[in-house]
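Text of model29.txt (compact mmCIF, C-alpha atoms) as supplied:
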```txt
# COMPACT_ATOMS: atom_id res chain seq x y z
CA MET W 973 -49.47 -64.17 -5.84
CA LEU W 974 -47.75 -63.07 -2.63
CA GLN W 975 -44.38 -63.58 -4.29
CA ILE W 976 -45.38 -61.29 -7.18
CA PHE W 977 -46.49 -58.53 -4.76
CA ALA W 978 -43.27 -58.94 -2.77
CA ALA W 979 -41.12 -58.81 -5.91
CA VAL W 980 -42.97 -55.77 -7.30
CA GLY W 981 -42.90 -54.04 -3.92
CA LEU W 982 -39.20 -54.74 -3.39
CA THR W 983 -38.39 -53.57 -6.93
CA GLY W 984 -40.39 -50.38 -6.40
CA TYR W 985 -38.71 -49.72 -3.04
CA LEU W 986 -35.21 -50.27 -4.46
CA SER W 987 -35.97 -48.05 -7.47
CA LEU W 988 -37.26 -45.28 -5.21
CA ARG W 989 -34.24 -45.55 -2.91
CA ASN W 990 -31.78 -45.53 -5.81
CA GLY W 991 -33.61 -42.57 -7.38
CA GLN W 992 -33.44 -40.62 -4.13
CA LYS W 993 -29.74 -41.45 -3.77
CA ALA W 994 -29.06 -40.31 -7.34
CA VAL W 995 -30.93 -37.03 -6.78
CA ASN W 996 -29.10 -36.43 -3.48
CA ASP W 997 -25.72 -37.17 -5.09
CA LEU W 998 -26.49 -34.79 -7.96
CA ALA W 999 -27.63 -32.06 -5.54
CA LYS W 1000 -24.43 -32.42 -3.49
CA ARG W 1001 -22.27 -32.30 -6.61
CA LEU W 1002 -24.03 -29.17 -7.90
CA GLN W 1003 -23.73 -27.54 -4.48
CA ARG W 1004 -19.97 -28.27 -4.32
CA GLU W 1005 -19.51 -26.89 -7.82
CA ALA W 1006 -21.45 -23.71 -7.00
CA VAL W 1007 -19.46 -23.17 -3.79
CA SER W 1008 -16.21 -23.72 -5.67
CA ARG W 1009 -17.16 -21.16 -8.34
CA VAL W 1010 -18.20 -18.59 -5.74
CA ASP W 1011 -14.93 -19.13 -3.84
CA ARG W 1012 -12.86 -18.60 -6.98
CA ARG W 1013 -14.75 -15.45 -7.99
CA LEU W 1014 -14.65 -14.07 -4.45
CA ASP W 1015 -10.91 -14.72 -4.12
CA SER W 1016 -10.29 -12.93 -7.41
CA TYR W 1017 -12.58 -10.01 -6.51
CA LEU W 1018 -11.08 -9.54 -3.04
CA ALA W 1019 -7.49 -9.73 -4.32
CA LEU W 1020 -7.97 -6.91 -6.84
CA PRO W 1021 -8.04 -3.96 -4.37
CA HIS W 1022 -4.74 -5.13 -2.87
CA GLN W 1023 -3.21 -5.42 -6.33
CA ILE W 1024 -4.37 -1.92 -7.29
CA LEU W 1025 -3.04 -0.53 -4.02
CA GLN W 1026 0.32 -2.16 -4.71
CA LEU W 1027 0.41 -0.66 -8.22
CA ASN W 1028 -0.30 2.78 -6.76
CA LEU W 1029 2.35 2.38 -4.05
CA ASP W 1030 4.90 1.31 -6.66
CA ALA W 1031 4.05 4.36 -8.79
CA ILE W 1032 4.54 6.63 -5.76
CA GLU W 1033 7.84 4.98 -4.77
CA ARG W 1034 9.20 5.28 -8.32
CA GLY W 1035 8.24 8.94 -8.48
CA LEU W 1036 5.69 8.38 -11.23
CA LEU W 1037 2.86 9.62 -9.05
CA ASP W 1038 3.27 12.86 -7.06
CA LEU W 1039 0.49 13.05 -4.47
CA ARG W 1040 0.91 16.84 -4.15
CA ASP W 1041 0.06 17.33 -7.84
CA ILE W 1042 -3.68 16.79 -7.56
CA GLU W 1043 -4.37 17.51 -11.23
CA SER W 1044 -2.11 14.78 -12.58
CA THR W 1045 -3.11 12.33 -9.86
CA GLY W 1046 -6.76 13.01 -10.66
CA ARG W 1047 -6.08 12.07 -14.29
CA TYR W 1048 -4.11 9.01 -13.13
CA PHE W 1049 -7.06 7.79 -11.05
CA TRP W 1050 -9.46 8.70 -13.86
CA LYS W 1051 -7.55 6.31 -16.13
CA GLN W 1052 -7.49 3.70 -13.38
CA SER W 1053 -11.28 4.02 -13.08
CA GLN W 1054 -11.53 3.23 -16.77
CA VAL W 1055 -9.26 0.20 -16.51
CA PHE W 1056 -11.03 -1.18 -13.42
CA PRO W 1057 -14.75 -0.41 -13.92
CA GLN W 1058 -15.75 -2.73 -11.08
CA PHE W 1059 -14.64 -0.08 -8.59
CA SER W 1060 -16.84 2.94 -8.07
CA PHE W 1061 -14.03 5.20 -6.78
CA THR W 1062 -10.25 5.21 -6.50
CA GLY W 1063 -8.17 7.95 -4.98
CA TYR W 1064 -6.27 9.15 -1.93
CA TYR W 1065 -6.31 11.75 0.84
CA LEU W 1066 -3.41 13.14 2.81
CA GLN W 1067 -3.44 14.25 6.45
CA ASP W 1068 -4.12 17.87 5.51
CA ASN W 1069 -7.25 16.77 3.56
CA THR W 1070 -5.54 17.28 0.21
CA GLY W 1071 -6.45 14.54 -2.20
CA ALA W 1072 -7.76 13.52 -5.55
CA GLY W 1073 -9.62 10.63 -7.03
CA ALA W 1074 -11.95 9.55 -9.74
CA GLY W 1075 -14.90 7.28 -10.10
CA ARG W 1076 -18.44 6.79 -11.19
CA TRP W 1077 -21.15 7.33 -8.65
CA PHE W 1078 -23.74 5.25 -10.51
CA LYS W 1079 -23.03 2.14 -12.55
CA GLY W 1080 -22.76 2.90 -16.23
CA TYR W 1081 -22.44 6.66 -15.75
CA ASP W 1082 -19.47 8.76 -16.72
CA ILE W 1083 -16.38 9.12 -14.57
CA VAL W 1084 -16.01 12.22 -12.37
CA ILE W 1085 -12.68 13.53 -11.08
CA THR W 1086 -12.71 15.05 -7.61
CA GLN W 1087 -9.98 17.23 -6.17
CA HIS W 1088 -9.57 18.38 -2.59
CA PRO W 1089 -6.93 21.13 -2.51
CA GLY W 1090 -6.54 21.64 1.21
CA GLY W 1091 -9.91 20.14 1.98
CA ILE W 1092 -12.04 22.23 -0.41
CA LEU W 1093 -14.03 19.95 -2.68
CA LYS W 1094 -13.70 20.66 -6.37
CA THR W 1095 -15.48 18.43 -8.85
CA ILE W 1096 -14.40 18.50 -12.46
CA PRO W 1097 -17.42 18.21 -14.79
CA ILE W 1098 -18.54 14.74 -15.73
CA VAL W 1099 -16.21 13.30 -18.33
CA PRO W 1100 -17.59 10.91 -20.95
CA MET W 1101 -15.80 7.60 -20.63
CA ASN W 1102 -15.00 7.49 -24.34
CA ARG W 1103 -13.18 10.88 -24.37
CA ALA W 1104 -9.79 11.71 -22.96
CA ILE W 1105 -9.55 14.73 -20.66
CA TRP W 1106 -6.09 15.84 -21.72
```

Would you write out, as structure tokens, the structure that this file holds?
Amino acid sequence: MLQIFAAVGLTGYLSLRNGQKAVNDLAKRLQREAVSRVDRRLDSYLALPHQILQLNLDAIERGLLDLRDIESTGRYFWKQSQVFPQFSFTGYYLQDNTGAGAGRWFKGYDIVITQHPGGILKTIPIVPMNRAIW
């Protein structure tokens, strides 16, 4: 009778220990997978602003984007806001406070173009995202 209790007890103990080990292994694997996914998404998300900045710098260097022409640069950034909806605003400002940009102030709302000719804020009316402004 003692041998039966010992065998049942030992079997129960080993089953419990193996079950705990399996659960712990699964939890560690899921945690590693979640961390890996977050790292990949975060790397991608954090790289995008640098890539957009490089595109804008290239456009300026090639003469495709004239920072003194705030109307055309406003339209340029309006289009960029459409292409990259994950950013709420994109634009620039010069030392004399001249600048332009575009963005959506609330997620899902239309894109607004802002212009600062010499520091005076001018906001072009809200533009529906499905209509071109030119």

* To do: Using only C-alpha atoms, find the one residue out of W:Lys993, W:Leu974, W:Gly1071, W:Ser1008 that sits nearest to Arg1040 in chain W.
  =>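 Looking only at the distances to Arg1040 in chain W, the closest residue turns out to be W:Gly1071.
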
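One finds CA of Gln1058 in chain W at 23.2 Å from CA of Ile1042 in chain W.
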
Separating CA of Leu1037 in chain W from CA of Ser1053 in chain W, to the nearest tenth of an Å, is a gap of 15.7 Å

Write out as a PDB file with C-alpha atoms, in the coordinates of the input which residues come within 9 Å of range 1021-1032 of chain W when counting all atoms listed in the file, dropping same-chain ones fewer than 5 positions away.
```pdb
ATOM      1  CA  LEU W1037       2.860   9.620  -9.050  1.00  0.00           C
ATOM      2  CA  ASP W1038       3.270  12.860  -7.060  1.00  0.00           C
ATOM      3  CA  LEU W1039       0.490  13.050  -4.470  1.00  0.00           C
ATOM      4  CA  GLN W1052      -7.490   3.700 -13.380  1.00  0.00           C
ATOM      5  CA  PHE W1059     -14.640  -0.080  -8.590  1.00  0.00           C
TER       6      PHE W1059
END
```

At what distance in Å, to one decimal, does CA of Gly1073 in chain W lie from CA of Glu1043 in chain W?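 Result for CA of Glu1043 in chain W versus CA of Gly1073 in chain W: 9.6 Å, one decimal.
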
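By all atoms listed in the file, and with residues fewer than 5 positions from Phe1061 in chain W along its chain excluded, the set lying at most 9 Å from it is Phe1049, Ser1053, Gly1073, Ala1074, Gly1075, Arg1076 and Trp1077 of chain W.
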
Save out the residues we just selected, C-alpha atoms, as an mmCIF file, in the coordinates of the input.
```cif
data_model
loop_
_atom_site.group_PDB
_atom_site.id
_atom_site.type_symbol
_atom_site.label_atom_id
_atom_site.label_comp_id
_atom_site.auth_asym_id
_atom_site.auth_seq_id
_atom_site.Cartn_x
_atom_site.Cartn_y
_atom_site.Cartn_z
ATOM 1 C CA PHE W 1049 -7.060 7.790 -11.050
ATOM 2 C CA SER W 1053 -11.280 4.020 -13.080
ATOM 3 C CA GLY W 1073 -9.620 10.630 -7.030
ATOM 4 C CA ALA W 1074 -11.950 9.550 -9.740
ATOM 5 C CA GLY W 1075 -14.900 7.280 -10.100
ATOM 6 C CA ARG W 1076 -18.440 6.790 -11.190
ATOM 7 C CA TRP W 1077 -21.150 7.330 -8.650
#
```

Across W:Val980, W:Val1010, W:Ile1085, W:Met973, the smallest distance to Ser1044 in chain W, with all atoms listed in the file counted, is shown by W:Ile1085

Give the padded box for range 1041-1044 of chain W as JSON: axis-aligned, covering all atoms listed in the file, 4 Å on each side, centre and edge lengths in Å to one decimal.
```
{"center_x": -2.2, "center_y": 16.1, "center_z": -10.1, "size_x": 12.4, "size_y": 10.7, "size_z": 13.0}
```
